[in-house]
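The file coords-v9.txt comes next; it holds compact mmCIF, C-alpha atoms and all ligand atoms.
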# COMPACT_ATOMS: atom_id res chain seq x y z
CA MET A 25 -68.84 2.62 65.03
CA ALA A 26 -66.51 5.57 65.19
CA TYR A 27 -63.14 4.55 66.57
CA SER A 28 -60.85 6.86 68.45
CA GLU A 29 -57.62 7.89 66.77
CA LYS A 30 -55.59 5.73 69.13
CA VAL A 31 -57.63 2.66 68.33
CA ILE A 32 -57.17 3.24 64.61
CA GLU A 33 -53.46 3.76 65.08
CA HIS A 34 -53.03 0.45 66.94
CA TYR A 35 -55.39 -1.27 64.55
CA GLN A 36 -53.41 -0.20 61.51
CA HIS A 37 -50.02 -0.76 63.11
CA PRO A 38 -50.52 -3.43 65.74
CA ARG A 39 -47.45 -4.00 67.90
CA ASN A 40 -46.20 -7.46 68.79
CA VAL A 41 -48.42 -9.54 66.56
CA GLY A 42 -47.21 -13.10 66.46
CA THR A 43 -46.55 -16.29 68.31
CA LEU A 44 -44.10 -17.56 70.91
CA ASP A 45 -43.31 -21.24 71.25
CA PRO A 46 -46.04 -22.54 73.56
CA ASN A 47 -43.82 -25.46 74.59
CA ASP A 48 -41.10 -23.20 75.94
CA PRO A 49 -41.28 -23.64 79.74
CA ASN A 50 -40.85 -19.91 80.20
CA VAL A 51 -43.73 -19.00 77.92
CA GLY A 52 -47.24 -18.59 79.23
CA THR A 53 -50.18 -18.70 76.83
CA GLY A 54 -53.59 -17.21 77.46
CA LEU A 55 -56.45 -18.01 75.13
CA VAL A 56 -59.66 -16.15 75.89
CA GLY A 57 -62.87 -15.16 74.21
CA ALA A 58 -65.68 -12.66 74.51
CA PRO A 59 -69.01 -14.46 74.55
CA GLU A 60 -70.87 -11.25 73.70
CA CYS A 61 -69.51 -11.33 70.18
CA GLY A 62 -67.57 -14.55 69.76
CA ASP A 63 -64.20 -12.87 69.28
CA VAL A 64 -61.03 -14.62 70.43
CA MET A 65 -57.60 -13.47 71.59
CA ARG A 66 -54.35 -15.28 72.30
CA LEU A 67 -51.68 -13.53 74.30
CA GLN A 68 -48.30 -15.02 75.11
CA LEU A 69 -45.52 -13.90 77.41
CA ARG A 70 -41.96 -14.98 77.87
CA ILE A 71 -40.94 -14.61 81.46
CA ASN A 72 -37.44 -14.66 82.84
CA PRO A 73 -37.69 -17.32 85.55
CA GLU A 74 -34.90 -15.73 87.62
CA THR A 75 -36.11 -12.15 87.68
CA GLY A 76 -39.83 -12.73 87.14
CA MET A 77 -39.76 -10.05 84.44
CA ILE A 78 -41.72 -10.21 81.22
CA GLU A 79 -39.18 -10.21 78.42
CA ASP A 80 -41.42 -10.58 75.44
CA ALA A 81 -45.11 -10.53 74.58
CA LYS A 82 -47.00 -11.48 71.45
CA PHE A 83 -50.64 -11.62 70.54
CA LYS A 84 -53.07 -12.70 67.91
CA THR A 85 -56.60 -11.38 68.00
CA PHE A 86 -59.46 -12.25 65.75
CA GLY A 87 -61.99 -9.65 66.64
CA CYS A 88 -63.07 -6.07 66.37
CA GLY A 89 -60.75 -3.09 66.06
CA SER A 90 -61.03 -2.29 69.75
CA ALA A 91 -60.00 -5.82 70.70
CA ILE A 92 -56.99 -5.66 68.39
CA ALA A 93 -56.01 -2.25 69.74
CA SER A 94 -56.54 -3.41 73.34
CA SER A 95 -54.30 -6.43 72.93
CA SER A 96 -51.69 -4.46 71.03
CA LEU A 97 -51.59 -1.88 73.83
CA ALA A 98 -51.59 -4.62 76.48
CA THR A 99 -48.48 -6.26 75.04
CA GLU A 100 -46.74 -2.89 74.99
CA MET A 101 -47.70 -2.22 78.59
CA ILE A 102 -46.55 -5.52 80.04
CA LYS A 103 -43.18 -5.82 78.37
CA GLY A 104 -40.50 -5.14 80.96
CA LYS A 105 -42.94 -5.37 83.84
CA SER A 106 -42.86 -7.96 86.60
CA VAL A 107 -45.41 -10.74 86.56
CA ASP A 108 -47.19 -9.26 89.57
CA GLU A 109 -47.37 -5.80 88.02
CA ALA A 110 -48.77 -7.23 84.82
CA TYR A 111 -51.30 -9.32 86.72
CA ALA A 112 -52.59 -6.21 88.45
CA ILE A 113 -53.37 -4.36 85.20
CA LYS A 114 -57.04 -3.45 84.95
CA ASN A 115 -59.02 -3.10 81.77
CA THR A 116 -60.03 0.41 82.85
CA VAL A 117 -56.50 1.62 82.07
CA ILE A 118 -56.94 0.38 78.52
CA VAL A 119 -60.40 1.93 78.24
CA LYS A 120 -58.96 5.27 79.25
CA GLU A 121 -55.90 5.08 77.08
CA LEU A 122 -57.87 4.09 73.98
CA ASN A 123 -60.91 6.14 74.74
CA LEU A 124 -63.26 3.21 74.33
CA PRO A 125 -67.01 3.83 74.39
CA PRO A 126 -69.21 1.79 76.79
CA VAL A 127 -70.22 -0.79 74.18
CA LYS A 128 -66.54 -1.59 73.61
CA ILE A 129 -65.57 -2.12 77.23
CA HIS A 130 -65.81 -5.88 76.92
CA CYS A 131 -63.09 -5.75 74.26
CA SER A 132 -60.67 -4.36 76.83
CA VAL A 133 -61.81 -6.93 79.38
CA LEU A 134 -60.68 -9.52 76.87
CA ALA A 135 -57.15 -8.11 77.02
CA GLU A 136 -57.10 -8.09 80.82
CA ASP A 137 -58.38 -11.68 80.89
CA ALA A 138 -55.73 -12.71 78.38
CA ILE A 139 -52.86 -11.29 80.45
CA LYS A 140 -54.13 -13.08 83.54
CA ALA A 141 -54.67 -16.35 81.67
CA ALA A 142 -51.16 -16.21 80.23
CA ILE A 143 -49.59 -15.60 83.63
CA GLU A 144 -51.63 -18.40 85.18
CA ASP A 145 -50.53 -20.73 82.43
CA PHE A 146 -46.90 -19.83 83.09
CA LYS A 147 -47.31 -20.41 86.83
CA LYS A 148 -48.98 -23.75 86.26
CA LYS A 149 -46.14 -24.81 84.02
CA ARG A 150 -43.58 -23.78 86.60
CA ALA A 151 -45.42 -25.58 89.38
CA SER A 152 -45.64 -28.83 87.45
CA ALA A 153 -41.98 -28.47 86.41
CA THR A 154 -40.94 -28.21 90.07
CA VAL A 155 -43.05 -31.20 91.00
CA GLU A 156 -41.40 -33.21 88.26
CA ALA A 157 -37.95 -32.04 89.28
CA GLU A 158 -38.63 -33.07 92.87
CA ALA A 159 -39.97 -36.42 91.78
CA VAL A 160 -36.73 -37.04 89.92
CA ALA A 161 -34.55 -35.88 92.80
CA MET B 3 -82.13 -3.20 82.09
CA THR B 4 -85.11 -2.34 79.91
CA ASP B 5 -87.59 -5.12 79.60
CA HIS B 6 -88.37 -5.28 75.89
CA PHE B 7 -90.98 -7.99 76.39
CA CYS B 8 -92.82 -5.62 78.65
CA ARG B 9 -92.49 -2.82 76.09
CA PHE B 10 -94.32 -5.02 73.62
CA GLY B 11 -96.74 -6.32 76.19
CA ILE B 12 -95.89 -9.97 75.60
CA ASP B 13 -94.87 -12.82 77.90
CA ARG B 14 -91.24 -13.60 78.51
CA THR B 15 -90.93 -16.67 76.37
CA PHE B 16 -88.19 -17.97 74.08
CA ALA B 17 -90.59 -18.60 71.24
CA VAL B 18 -92.80 -15.74 70.09
CA ASP B 19 -95.42 -15.32 67.43
CA ARG B 20 -93.54 -13.39 64.76
CA GLU B 21 -96.65 -12.07 63.08
CA ARG B 22 -98.11 -10.78 66.30
CA LEU B 23 -94.80 -9.21 67.15
CA GLU B 24 -94.64 -7.41 63.85
CA LEU B 25 -98.20 -6.20 64.15
CA ARG B 26 -97.55 -4.92 67.63
CA PHE B 27 -94.43 -3.17 66.38
CA HIS B 28 -96.36 -1.24 63.75
CA GLU B 29 -99.03 -0.40 66.26
CA LEU B 30 -96.58 0.98 68.77
CA GLN B 31 -94.63 2.76 66.08
CA SER B 32 -97.63 4.49 64.62
CA HIS B 33 -98.52 5.91 68.01
CA SER B 34 -95.16 7.33 68.76
CA HIS B 35 -93.83 8.09 65.31
CA PRO B 36 -92.18 11.53 65.39
CA ASP B 37 -93.90 12.52 62.15
CA ARG B 38 -97.19 12.42 63.95
CA HIS B 39 -95.93 15.04 66.31
CA MET B 40 -94.55 17.46 63.78
CA THR B 41 -96.77 20.22 64.95
CA ALA B 42 -96.53 19.42 68.64
CA GLU B 43 -94.33 21.39 70.98
CA GLU B 44 -90.66 20.53 71.14
CA ALA B 45 -90.70 18.54 74.39
CA ARG B 46 -93.44 16.30 73.08
CA ARG B 47 -91.54 15.83 69.84
CA ASP B 48 -88.35 14.86 71.65
CA GLN B 49 -90.28 12.39 73.69
CA ALA B 50 -91.75 10.87 70.57
CA VAL B 51 -88.29 10.49 69.04
CA ALA B 52 -86.99 8.77 72.16
CA GLU B 53 -89.99 6.47 72.31
CA SER B 54 -89.70 5.56 68.70
CA SER B 55 -86.05 4.60 69.10
CA ASP B 56 -86.90 2.51 72.19
CA ILE B 57 -89.48 0.63 70.22
CA ASN B 58 -86.97 0.02 67.46
CA SER B 59 -84.40 -1.43 69.80
CA ALA B 60 -87.02 -3.55 71.51
CA TYR B 61 -88.08 -4.91 68.15
CA ARG B 62 -84.50 -5.62 67.19
CA ALA B 63 -83.96 -7.51 70.44
CA LEU B 64 -87.11 -9.57 70.09
CA ARG B 65 -87.31 -10.32 66.39
CA GLU B 66 -84.65 -13.04 66.08
CA PRO B 67 -84.48 -16.11 68.32
CA LEU B 68 -80.87 -15.74 69.48
CA PRO B 69 -80.93 -12.08 70.56
CA ARG B 70 -84.33 -12.69 72.08
CA ALA B 71 -83.10 -15.66 74.12
CA ARG B 72 -80.16 -13.59 75.22
CA HIS B 73 -82.38 -10.75 76.31
CA LEU B 74 -84.58 -13.13 78.26
CA VAL B 75 -81.76 -14.71 80.25
CA GLU B 76 -80.13 -11.33 80.82
CA LEU B 77 -83.37 -9.95 82.21
CA TYR B 78 -83.18 -12.65 84.85
CA GLY B 79 -79.62 -11.75 85.70
CA PHE B 80 -77.59 -14.17 83.58
CA PRO B 81 -75.43 -11.93 81.39
CA ILE B 82 -73.85 -13.73 78.46
CA GLY B 83 -70.67 -11.71 78.91
CA GLU B 84 -70.04 -13.42 82.22
CA GLN B 85 -70.10 -16.88 80.73
CA LYS B 86 -66.36 -17.35 80.89
CA SER B 87 -66.43 -21.09 81.31
CA VAL B 88 -66.98 -22.16 77.72
CA PRO B 89 -64.97 -25.28 76.92
CA PRO B 90 -61.35 -24.35 76.17
CA SER B 91 -61.46 -26.75 73.25
CA LEU B 92 -64.07 -24.51 71.65
CA LEU B 93 -61.80 -21.46 71.88
CA MET B 94 -59.01 -23.56 70.45
CA THR B 95 -61.15 -24.61 67.51
CA VAL B 96 -62.08 -21.01 66.82
CA MET B 97 -58.48 -19.82 67.06
CA GLU B 98 -57.18 -22.55 64.78
CA ALA B 99 -59.84 -21.95 62.17
CA GLN B 100 -59.20 -18.20 62.24
CA GLU B 101 -55.49 -18.82 61.75
CA LYS B 102 -56.29 -21.03 58.81
CA ILE B 103 -58.34 -18.26 57.28
CA ALA B 104 -55.44 -15.87 57.75
CA GLU B 105 -53.18 -18.44 56.12
CA LEU B 106 -55.50 -18.60 53.15
CA GLU B 107 -55.13 -14.88 52.63
CA GLN B 108 -51.35 -15.19 52.67
CA ALA B 109 -51.11 -18.34 50.59
CA ALA B 110 -48.96 -17.79 47.53
CA SER B 111 -49.65 -20.74 45.29
CA HIS B 112 -52.88 -22.02 43.88
CA GLU B 113 -52.22 -25.50 45.31
CA GLU B 114 -51.75 -24.13 48.78
CA LYS B 115 -54.94 -22.14 48.54
CA GLU B 116 -56.81 -25.23 47.42
CA ARG B 117 -55.44 -27.27 50.31
CA ILE B 118 -56.48 -24.66 52.85
CA ARG B 119 -59.89 -24.32 51.24
CA ARG B 120 -60.43 -28.05 51.60
CA GLU B 121 -59.42 -27.88 55.25
CA LEU B 122 -61.80 -25.01 55.77
CA ALA B 123 -64.60 -26.94 54.16
CA SER B 124 -64.21 -29.69 56.72
CA VAL B 125 -64.09 -27.09 59.51
CA ALA B 126 -67.32 -25.66 58.15
CA LYS B 127 -68.94 -29.06 58.23
CA GLU B 128 -67.92 -29.67 61.80
CA LEU B 129 -69.14 -26.22 62.78
CA GLN B 130 -72.48 -26.93 61.24
CA SER B 131 -72.94 -30.11 63.20
CA ARG B 132 -71.89 -28.44 66.45
CA ARG B 133 -74.37 -25.66 65.80
CA GLU B 134 -77.09 -28.18 65.22
CA THR B 135 -76.33 -30.05 68.42
CA LEU B 136 -76.38 -26.82 70.40
CA ASP B 137 -79.60 -25.72 68.77
CA GLU B 138 -81.32 -28.97 69.61
CA GLU B 139 -80.53 -28.50 73.26
CA ARG B 140 -81.41 -24.82 73.08
CA LEU B 141 -84.82 -25.57 71.65
CA ARG B 142 -85.42 -28.28 74.22
CA ILE B 143 -84.69 -25.97 77.13
CA ALA B 144 -86.69 -23.19 75.50
CA GLY B 145 -89.65 -25.50 75.08
CA GLN B 146 -89.57 -26.56 78.70
CA TRP B 147 -89.33 -22.98 79.84
CA ASP B 148 -92.12 -21.71 77.63
CA HIS B 149 -94.37 -24.52 78.76
CA ALA B 150 -94.69 -23.18 82.31
CA LYS B 151 -95.43 -19.86 83.95
CA HIS B 152 -92.56 -18.06 85.62
CA ALA B 153 -92.20 -15.23 88.07
CA GLU B 154 -90.90 -11.98 86.59
CA ASN B 155 -88.84 -11.34 89.65
CA ALA B 156 -85.54 -13.20 89.39
CA GLN B 157 -85.44 -13.64 93.18
CA ALA B 158 -88.66 -15.63 93.06
CA LEU B 159 -87.33 -18.27 90.67
CA SER B 160 -86.82 -21.82 91.87
CA SER B 161 -83.37 -23.32 91.76
CA GLU B 162 -84.51 -25.52 88.89
CA GLU B 163 -85.64 -22.49 86.91
CA ARG B 164 -82.34 -20.79 87.59
CA ALA B 165 -80.47 -23.86 86.43
CA HIS B 166 -82.38 -23.77 83.17
CA LEU B 167 -81.54 -20.15 82.52
CA ASP B 168 -77.93 -20.66 83.48
CA ARG B 169 -77.62 -23.55 81.07
CA MET B 170 -79.28 -21.46 78.37
CA ALA B 171 -76.82 -18.61 78.94
CA ARG B 172 -73.93 -21.08 78.57
CA LEU B 173 -75.39 -22.44 75.35
CA LEU B 174 -75.85 -18.95 73.95
CA ALA B 175 -72.26 -18.05 74.72
CA GLU B 176 -70.99 -21.14 72.91
CA ARG B 177 -73.37 -20.41 70.10
CA ALA B 178 -71.96 -16.89 69.74
CA TYR B 179 -68.45 -18.23 69.11
CA LEU B 180 -69.71 -20.69 66.54
CA GLU B 181 -71.77 -18.02 64.85
CA THR B 182 -68.90 -15.56 64.47
CA LEU B 183 -66.62 -18.29 63.21
CA HIS B 184 -69.25 -19.54 60.83
CA TRP B 185 -69.46 -16.14 59.15
CA SER B 186 -65.70 -15.81 58.97
CA VAL B 187 -65.34 -19.22 57.37
CA GLN B 188 -68.09 -18.44 54.96
CA ALA B 189 -66.54 -15.14 53.95
CA ALA B 190 -63.18 -16.85 53.47
CA GLN B 191 -64.67 -19.57 51.31
CA GLN B 192 -66.24 -16.95 49.11
CA GLY B 193 -62.94 -15.17 48.88
CA LYS B 194 -64.13 -12.14 50.78
CA PRO B 195 -61.70 -10.43 53.14
CA ALA B 196 -62.00 -11.43 56.76
CA PHE B 197 -63.74 -8.58 58.37
CA ILE B 198 -65.35 -8.77 61.72
CA GLN B 199 -68.20 -6.41 62.15
CA HIS B 200 -69.73 -5.75 65.52
S1 LIG A 301 -66.70 -6.57 69.74
FE1 LIG A 301 -65.87 -8.46 70.22
S2 LIG A 301 -64.06 -8.00 71.24
FE2 LIG A 301 -64.80 -6.12 70.53
Using structure tokens, write down the structure from this file.
Amino acid sequence: MAYSEKVIEHYQHPRNVGTLDPNDPNVGTGLVGAPECGDVMRLQLRINPETGMIEDAKFKTFGCGSAIASSSLATEMIKGKSVDEAYAIKNTVIVKELNLPPVKIHCSVLAEDAIKAAIEDFKKKRASATVEAEAVA
Amino acid sequence: MTDHFCRFGIDRTFAVDRERLELRFHELQSHSHPDRHMTAEEARRDQAVAESSDINSAYRALREPLPRARHLVELYGFPIGEQKSVPPSLLMTVMEAQEKIAELEQAASHEEKERIRRELASVAKELQSRRETLDEERLRIAGQWDHAKHAENAQALSSEERAHLDRMARLLAERAYLETLHWSVQAAQQGKPAFIQH
């Protein structure tokens, strides 16, 4: 499989590899997989609850080069964006940016799924936190 | 989607006769092999090359049980890639094991390496038993399916038949995660670098 230069660049120097504390109420964690190949990706965001902006993003991907590059690029793209903007990101943007061939499209889908899953996790946390707060009040 | 079963002129079943398949492969290949058309005109030669590569990919898809099962369910419109609802606990298991493997590569001391190796060995054991459980169910569904005749047209399938295929697609997705992890664990235990090849 010949990778594009951009994929190789991200693969060799992945940005934002790492972990955020999953118990932090402002951190959303998305864990997703690609059933085609069995690769997995975890993407985490820290969101400022006041502004709704994504302050930090980290990922860990155990998968092919394209999946690593896709998640690396995804974390770069969503930092500093609002939750809604990040949620609207489509895998096609990643495909274009990284020049992925058709057989590697599912690797970029993984990154899109991971962003969405992380945001949903954050929203779920917030919702249950409000319910608890109201129950106490 | 190309129907590889059709290419080989065999029924769409999960189990196939390997010997017959191989025989058929050589038959088909000898007809279309580009070498046979060395002296033919260019268009005919190109066609032979294309045919030969089609036969190769069909053979690759049909030879092993897992890719074959996958091809069968996908032909009926159940793509494995859309099986997003695998148990989250499975993804968690995979992630944790992969992190352990990464830890092993970073481990500084011999003791630490040994500890992680032992943990990985128990992961490998659990993986094995999960694979076996999945395979039992896979073979059961496959057996039921192969036992009866089915329409080739997905629209003509009964809801029971569709349920079978859907369940099979789910199993195959779960199986894919376990398979990839299995190879990673094995490579790590043998001290090979983790390298995922797709
Ligand atoms: S091949 Fe699995 S994510 Fe790329």
Task: Counting all atoms listed in the file, the option among B:Arg46, B:Gly83, B:Ile103, B:Ala123 closest to ligand LIG 301 (chain A) - done: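 Closest residue, counting all atoms listed in the file: B:Gly83.
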Taking 5 positions as the minimum chain separation for residues in the same chain, which residues sit within 10 Å of Gly76 in chain A when counting only C-alpha atoms? Answer as a short mmCIF file (atom, residue, chain, number, x, y, z; two decimals) with C-alpha atoms, in the frame of the given file.
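Okay, this is what ended up in out09.cif:
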data_model
loop_
_atom_site.label_atom_id
_atom_site.label_comp_id
_atom_site.auth_asym_id
_atom_site.auth_seq_id
_atom_site.Cartn_x
_atom_site.Cartn_y
_atom_site.Cartn_z
CA ARG A 70 -41.96 -14.98 77.87
CA ILE A 71 -40.94 -14.61 81.46
CA GLY A 104 -40.50 -5.14 80.96
CA LYS A 105 -42.94 -5.37 83.84
CA SER A 106 -42.86 -7.96 86.60
CA VAL A 107 -45.41 -10.74 86.56
CA ASP A 108 -47.19 -9.26 89.57
#
TODO: Excluding Glu33 in chain A and residues on its chain fewer than 4 positions from it, collect all residues at most 12 Å away from it, counting only C-alpha atoms, and give them as an MDAnalysis selection string.
DONE: chainID A and resid 27:29 37:39 89:90 92:94 96:97 122
Expected file contents, prior selection, C-alpha atoms, as an mmCIF file, in the coordinates of the input:
data_model
loop_
_atom_site.group_PDB
_atom_site.id
_atom_site.type_symbol
_atom_site.label_atom_id
_atom_site.label_comp_id
_atom_site.auth_asym_id
_atom_site.auth_seq_id
_atom_site.Cartn_x
_atom_site.Cartn_y
_atom_site.Cartn_z
ATOM 1 C CA TYR A 27 -63.140 4.550 66.570
ATOM 2 C CA SER A 28 -60.850 6.860 68.450
ATOM 3 C CA GLU A 29 -57.620 7.890 66.770
ATOM 4 C CA HIS A 37 -50.020 -0.760 63.110
ATOM 5 C CA PRO A 38 -50.520 -3.430 65.740
ATOM 6 C CA ARG A 39 -47.450 -4.000 67.900
ATOM 7 C CA GLY A 89 -60.750 -3.090 66.060
ATOM 8 C CA SER A 90 -61.030 -2.290 69.750
ATOM 9 C CA ILE A 92 -56.990 -5.660 68.390
ATOM 10 C CA ALA A 93 -56.010 -2.250 69.740
ATOM 11 C CA SER A 94 -56.540 -3.410 73.340
ATOM 12 C CA SER A 96 -51.690 -4.460 71.030
ATOM 13 C CA LEU A 97 -51.590 -1.880 73.830
ATOM 14 C CA LEU A 122 -57.870 4.090 73.980
#
Task: Residue nearest Leu69 in chain A - candidates A:Cys88, A:Ile139, A:Ala81, A:Leu55, atoms counted: only C-alpha atoms - done: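 Using only C-alpha atoms, the shortest distance to Leu69 in chain A belongs to A:Ala81.
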Open item on the list: With distances taken over only C-alpha atoms, which residue among B:Val88, B:Leu122, B:Ala153, B:Leu167 lies nearest chain A?
Closed with: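 Between B:Val88, B:Leu122, B:Ala153, B:Leu167, the residue approaching chain A most closely is B:Val88.
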TODO: Mind checking which residues fall within 12 Å of Glu134 in chain B, counting only C-alpha atoms, ignoring those fewer than 6 positions away in the same chain, and posting them as a PyMOL selection string?
DONE: chain B and resi 127-128+140-141+173+177+180-181
Could you give me, as a tab-separated table, a per-residue list for chain A showing, wherever an atom lies at most 8 Å from an atom of ligand LIG 301 (chain A), the closest pair of atoms and their distance in Å to one decimal, using all atoms listed in the file and sorting by chain then residue number from low to high?
residue	atom	partner	partner_atom	distance
A:Gly57	CA	A:LIG301	S2	7.8
A:Ala58	CA	A:LIG301	S2	5.9
A:Glu60	CA	A:LIG301	FE1	6.7
A:Cys61	CA	A:LIG301	FE1	4.6
A:Gly62	CA	A:LIG301	FE1	6.3
A:Asp63	CA	A:LIG301	FE1	4.8
A:Val64	CA	A:LIG301	S2	7.3
A:Gly87	CA	A:LIG301	S2	5.3
A:Cys88	CA	A:LIG301	FE2	4.5
A:Gly89	CA	A:LIG301	FE2	6.8
A:Ser90	CA	A:LIG301	FE2	5.4
A:Ala91	CA	A:LIG301	S2	4.6
A:Ile92	CA	A:LIG301	S2	8.0
A:Lys128	CA	A:LIG301	FE2	5.7
A:Ile129	CA	A:LIG301	FE2	7.8
A:His130	CA	A:LIG301	S2	6.3
A:Cys131	CA	A:LIG301	S2	3.9
A:Ser132	CA	A:LIG301	S2	7.5
A:Leu134	CA	A:LIG301	S2	6.7
